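Visitor: Shown below is the structure under consideration.
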Amino acid sequence: MNPAVGFLFPGQGSQSVGMGKALFEAHSELKQVYAEATEVLGYDIADLCFNGPAETLNLTEHTQPALLVSSVAALRVLESAAITPLAVAGHSLGEYTALVAAGGLTYRDAVAIVQKRGRYMAEAVPAGTGLVAALLGLATDAVKEACREAASVGIVQAANFNSPGQVVIAGEKAAVERAIELAKSKGCKKAVPLPVSVPVHTPLMQKAADRLAKELAAITWSDLRMPLINNAEARPIVKAGDIPASLVRQLPSSVLWEDSVTRMASMGIKTFVEVGPGTVLTGLVRRIVPDAVTLNVNDPKSLTATRTALGL
């Protein structure tokens with residue numbers, strides 16, 4: 001009997017050169033996961049994930065498929081242990097991986113659509129004109145106020161409500177820099193620029209969202225095997241017909257991650273497994289639901305530890 005488990009899938013910022021390599025070398029069946037994605041993308045995704053360079057990996061049109069493929073590889077080795085989550089969620093790009101996990105989207109379609117999503121996002125904002133930063137130690141209302149006050153300089157808004165005391169802001173460079181100054185004057189302890197090449201989850205992404213909507217409409221979606229807690233409203237989605245519009249709303253809207261994790265906990269989920277590169281989401285869950293059990297799968301050691309903790 002599996003405990004009440006939720007799967008979480010990372011988004012941009014969790015990528016690093018070498019991600020997924022240890023799992024790939026330990027599990028021969030993962031060769032097919034990477035080979036299929038390489039066929040769709042037109043370049044060797046395993047080589048990019050394992051060897052970089054970081055400058056190429058950090059470009060959003062490469063980051064997005066790279067993270068999705070690495071996370072699906074981790075999912076495949078976890079699925080072989082016959083564990084079924086009560087619900088799934090993904091942080092921004094990770095929402096597409098969560099949809100693969102829940103059966104709403106084929107892996108092949110997911111690889112193709114996130115490549116286009118990344119390209120449309122990159123093309124929506126000229127390189128170097130946007131900025132993304134995490135504000136630490138400041139209340140949500142104060143962050144919103146700083147963004148409102150900085151809006152006289154340009155577009156800036158809270159992009160990710162990640163956890164108590166951690167809100168990511170994004171927008172036009174000058175406006176974000178002004179919001180950081182204002183946030184610090186209001187008591188923000190630290191502002192950390194993030195390795196995300198475009199200001200996602202702001203109105204600057206509306207053009208990309210409109211282009212993405214046409215692509216999403218052409219995909220065949222399926223009802224989900226378990227609920228997805230979506231980013232845009234932190235509500236459960238199960239029906240195929242609800243998925244495309246939710247993904248379109250997601251792009252220019254804030255990611256309600258704290259609310260999403262709280263929603264999963266209210267469903268009875270006591271164990272959260274971060275599936276894919278890094279442990280960013282694991283750290284956020286610990287701040288949102290301090291008594292939750294947090295596990296992750298990104299290499300053979302963490303896979304073994306997770307299987308042991310789940311009694312598999």
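Just remember, in the structure tokens the first chain shown is A, the second B, etc., residues are 1-based per chain, and ligands are 1-based in the order shown.
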What parts of range 178-215 of chain A does DSSP call strand (DSSP E or B)? I'd like the answer as a count of residues only.
Guide: 4
Visitor: Contacts of Met121 in chain A at 12 Å or less, counting only C-alpha atoms, minus same-chain residues fewer than 6 places along, as JSON, numbers by chain?
Guide: {"A": [59, 60, 61, 62, 63, 64, 93, 114, 115, 127, 130, 196, 197, 198, 199, 200, 201, 202, 203, 204, 205, 206, 207, 208, 209, 210, 211, 212, 251, 252]}
Visitor: Would you write out those residues with N, CA and C atoms, as a tab-separated table (two decimals), in the first residue's frame?
Guide:
```
chain	number	residue	atom	x	y	z
A	59	LEU	N	19.54	28.66	-22.33
A	59	LEU	CA	18.62	29.35	-23.25
A	59	LEU	C	17.27	28.65	-23.16
A	60	THR	N	16.21	29.40	-22.95
A	60	THR	CA	14.92	28.80	-22.61
A	60	THR	C	14.42	27.77	-23.62
A	61	GLU	N	14.69	27.97	-24.91
A	61	GLU	CA	14.19	26.99	-25.89
A	61	GLU	C	14.94	25.66	-25.78
A	62	HIS	N	16.11	25.65	-25.11
A	62	HIS	CA	16.82	24.40	-24.83
A	62	HIS	C	16.54	23.91	-23.42
A	63	THR	N	16.45	24.85	-22.47
A	63	THR	CA	16.20	24.48	-21.08
A	63	THR	C	14.92	23.67	-20.94
A	64	GLN	N	13.88	24.12	-21.62
A	64	GLN	CA	12.57	23.51	-21.39
A	64	GLN	C	12.52	22.04	-21.83
A	93	LEU	N	7.23	25.25	-16.41
A	93	LEU	CA	7.53	24.21	-17.41
A	93	LEU	C	7.21	22.82	-16.88
A	114	VAL	N	6.99	21.84	-25.75
A	114	VAL	CA	7.83	22.69	-24.88
A	114	VAL	C	8.98	23.32	-25.66
A	115	GLN	N	9.43	22.67	-26.73
A	115	GLN	CA	10.42	23.32	-27.59
A	115	GLN	C	9.82	24.59	-28.21
A	127	ALA	N	16.36	39.67	-26.31
A	127	ALA	CA	17.38	39.18	-25.38
A	127	ALA	C	18.00	40.35	-24.61
A	130	GLY	N	14.90	41.64	-20.35
A	130	GLY	CA	14.13	41.17	-19.20
A	130	GLY	C	15.03	40.75	-18.05
A	196	VAL	N	17.18	32.39	-15.71
A	196	VAL	CA	16.03	32.23	-16.61
A	196	VAL	C	16.16	33.34	-17.64
A	197	SER	N	16.16	32.98	-18.92
A	197	SER	CA	16.53	33.96	-19.94
A	197	SER	C	15.38	34.86	-20.39
A	198	VAL	N	14.17	34.58	-19.93
A	198	VAL	CA	13.03	35.44	-20.30
A	198	VAL	C	12.13	35.68	-19.09
A	199	PRO	N	11.47	36.85	-19.03
A	199	PRO	CA	10.59	37.18	-17.89
A	199	PRO	C	9.24	36.48	-17.99
A	200	VAL	N	9.23	35.19	-17.70
A	200	VAL	CA	8.02	34.39	-17.79
A	200	VAL	C	7.05	34.77	-16.67
A	201	HIS	N	5.76	34.43	-16.88
A	201	HIS	CA	4.69	34.69	-15.91
A	201	HIS	C	4.50	36.18	-15.64
A	202	THR	N	4.60	36.95	-16.72
A	202	THR	CA	4.28	38.37	-16.70
A	202	THR	C	3.49	38.68	-17.97
A	203	PRO	N	2.86	39.86	-18.05
A	203	PRO	CA	2.13	40.23	-19.27
A	203	PRO	C	3.01	40.27	-20.52
A	204	LEU	N	4.33	40.32	-20.34
A	204	LEU	CA	5.25	40.30	-21.49
A	204	LEU	C	5.14	38.98	-22.27
A	205	MET	N	4.54	37.98	-21.65
A	205	MET	CA	4.40	36.66	-22.28
A	205	MET	C	3.08	36.47	-23.00
A	206	GLN	N	2.24	37.51	-23.06
A	206	GLN	CA	0.93	37.34	-23.69
A	206	GLN	C	1.05	36.98	-25.17
A	207	LYS	N	2.00	37.60	-25.85
A	207	LYS	CA	2.21	37.31	-27.28
A	207	LYS	C	2.59	35.84	-27.46
A	208	ALA	N	3.47	35.34	-26.60
A	208	ALA	CA	3.87	33.93	-26.66
A	208	ALA	C	2.68	33.03	-26.34
A	209	ALA	N	1.86	33.43	-25.37
A	209	ALA	CA	0.68	32.64	-24.99
A	209	ALA	C	-0.30	32.53	-26.16
A	210	ASP	N	-0.48	33.62	-26.90
A	210	ASP	CA	-1.39	33.60	-28.05
A	210	ASP	C	-0.89	32.65	-29.12
A	211	ARG	N	0.42	32.64	-29.37
A	211	ARG	CA	1.00	31.72	-30.36
A	211	ARG	C	0.89	30.27	-29.86
A	212	LEU	N	1.15	30.09	-28.57
A	212	LEU	CA	1.10	28.75	-27.98
A	212	LEU	C	-0.31	28.17	-28.04
A	251	LEU	N	1.04	31.08	-18.82
A	251	LEU	CA	2.22	31.78	-19.32
A	251	LEU	C	2.30	33.26	-18.88
A	252	PRO	N	1.23	34.06	-19.00
A	252	PRO	CA	1.32	35.44	-18.53
A	252	PRO	C	0.90	35.62	-17.06
```
Visitor: Would you mind listing what lies within 7 Å of range 185-192 of chain A as a PyMOL selection string, with only C-alpha atoms counted and same-chain residues fewer than 5 positions away left out?
Guide: chain A and resi 133-138+180
Visitor: Print the selection's residues with C-alpha atoms to a file, as a PDB file, in the first residue's frame.
Guide:
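Dumped everything to part31.pdb:
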```pdb
ATOM      1  CA  ALA A 133      14.902  37.645  -9.468  1.00  0.00           C
ATOM      2  CA  ALA A 134      13.907  35.892  -6.244  1.00  0.00           C
ATOM      3  CA  LEU A 135      13.053  38.142  -3.301  1.00  0.00           C
ATOM      4  CA  LEU A 136      13.725  36.503   0.057  1.00  0.00           C
ATOM      5  CA  GLY A 137      12.336  37.379   3.460  1.00  0.00           C
ATOM      6  CA  LEU A 138       9.596  39.802   2.411  1.00  0.00           C
ATOM      7  CA  ILE A 180      14.401  45.159  -6.000  1.00  0.00           C
TER       8      ILE A 180
END
```
Visitor: For a test of reading the model, state the distance in Å between CA of Ser92 in chain A and CA of Arg249 in chain A, rounded to one decimal.
Guide: 11.2 Å
Visitor: Fewer than 6 positions away in the same chain doesn't count, so skip those; otherwise give me all residues within 8 Å of Val132 in chain A, counting only C-alpha atoms, as a list in words.
Guide: Val168, Ile169, Ala170, Gly171, Val176, Pro193, Leu194, Pro195, Val196, Val198 and Pro199 of chain A
Visitor: Could you jot down the CA of Glu233 in chain A to CA of Thr140 in chain A separation for me, Å, one decimal place?
Guide: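 Between CA of Glu233 in chain A and CA of Thr140 in chain A the gap works out to 16.7 Å.
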Visitor: Range 188-285 of chain A near range 73-78 of chain A within 9 Å: what's each residue's closest atom pair and its distance in Å to one decimal, counting only C-alpha atoms, ordered by chain then ascending residue number, as CSV?
Guide:
```
residue,atom,partner,partner_atom,distance
A:Val275,CA,A:Ala74,CA,6.0
A:Gly276,CA,A:Ala74,CA,5.6
A:Pro277,CA,A:Ala74,CA,8.4
```
Visitor: Dump N, CA and C atoms for the selected residues as a tab-separated table (two decimals), in the first residue's frame?
Guide:
```tsv
chain	number	residue	atom	x	y	z
A	275	VAL	N	10.42	14.90	-8.74
A	275	VAL	CA	10.87	13.97	-9.77
A	275	VAL	C	11.59	14.76	-10.87
A	276	GLY	N	12.92	14.67	-10.90
A	276	GLY	CA	13.69	15.39	-11.90
A	276	GLY	C	14.85	16.15	-11.27
A	277	PRO	N	15.56	16.93	-12.08
A	277	PRO	CA	16.79	17.58	-11.62
A	277	PRO	C	16.60	18.52	-10.43
```
Visitor: Go through A:Ala158, A:Ala81, A:Met267, A:Leu224 and flag the residue nearest Thr308 in chain A, using only C-alpha atoms for the distances.
Guide: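 The closest residue to Thr308 in chain A is A:Ala81.
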Visitor: Measuring atom to atom with only C-alpha atoms, identify which of A:Ala217, A:Leu312, A:Met264, A:Val153 is nearest to Val289 in chain A.
Guide: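 Looking only at the distances to Val289 in chain A, the closest residue turns out to be A:Met264.
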Visitor: Could you give me, as a list of chain:residue names, the residues within 12 Å of Gly42 in chain A, counting only C-alpha atoms and dropping anything in the same chain fewer than 3 positions from it?
Guide: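 Near neighbours after the sequence-gap exclusion: A:Tyr34, A:Ala35, A:Glu36, A:Ala37, A:Thr38, A:Glu39, A:Ile45, A:Ala46, A:His62, A:Pro65, A:Val111, A:Ala112, A:Gln115.
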Visitor: Ala89 in chain A: which residues within 10 Å, counting only C-alpha atoms, same-chain residues fewer than 4 positions away excluded, as a list in words?
Guide: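 Counting only C-alpha atoms, the residues come to Gly6, Phe7, Leu8, Phe9, Pro10, Gly94, Glu95, Tyr96, Thr97, Ala98, Leu99, Ala101, Ala102, Pro227, Leu228, Ile229, Asn230, Asn231, Ala234, Pro236, Trp257, Ser260, Val261, Met264 and Glu274 of chain A.
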Visitor: Taking only range 16-224 of chain A into account, list the residues labelled alpha helix (DSSP H) by DSSP (computed from the backbone), as a PyMOL selection string.
Guide: chain A and resi 21-26+30-41+45-51+54-57+60-79+94-101+107-124+140-150+173-185+206-217
Visitor: Between CA of Leu284 in chain A and CA of Glu177 in chain A, what is the distance, to one decimal in Å?
Guide: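 For CA of Leu284 in chain A relative to CA of Glu177 in chain A, the distance reads 24.4 Å.
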Visitor: Can you pull out every residue within 6 Å of range 23-29 of chain A, counting only C-alpha atoms, but drop anything in the same chain fewer than 3 positions away, and send it as a PyMOL selection string?
Guide: chain A and resi 20+299-300
Visitor: Given the selection you just returned, output its residues as a file containing C-alpha atoms, formatted as a PDB file, in the first residue's frame.
Guide:
```pdb
ATOM      1  CA  GLY A  20      20.299  12.936 -15.450  1.00  0.00           C
ATOM      2  CA  ASP A 299      20.111  10.057  -9.428  1.00  0.00           C
ATOM      3  CA  PRO A 300      20.506   6.382  -8.390  1.00  0.00           C
TER       4      PRO A 300
END
```
Visitor: My list of candidates is A:Val156, A:Val88, A:Cys49, A:Met19. Which is closest to Ser253 in chain A when distances are computed with only C-alpha atoms?
Guide: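 Nearest to Ser253 in chain A: A:Val156.
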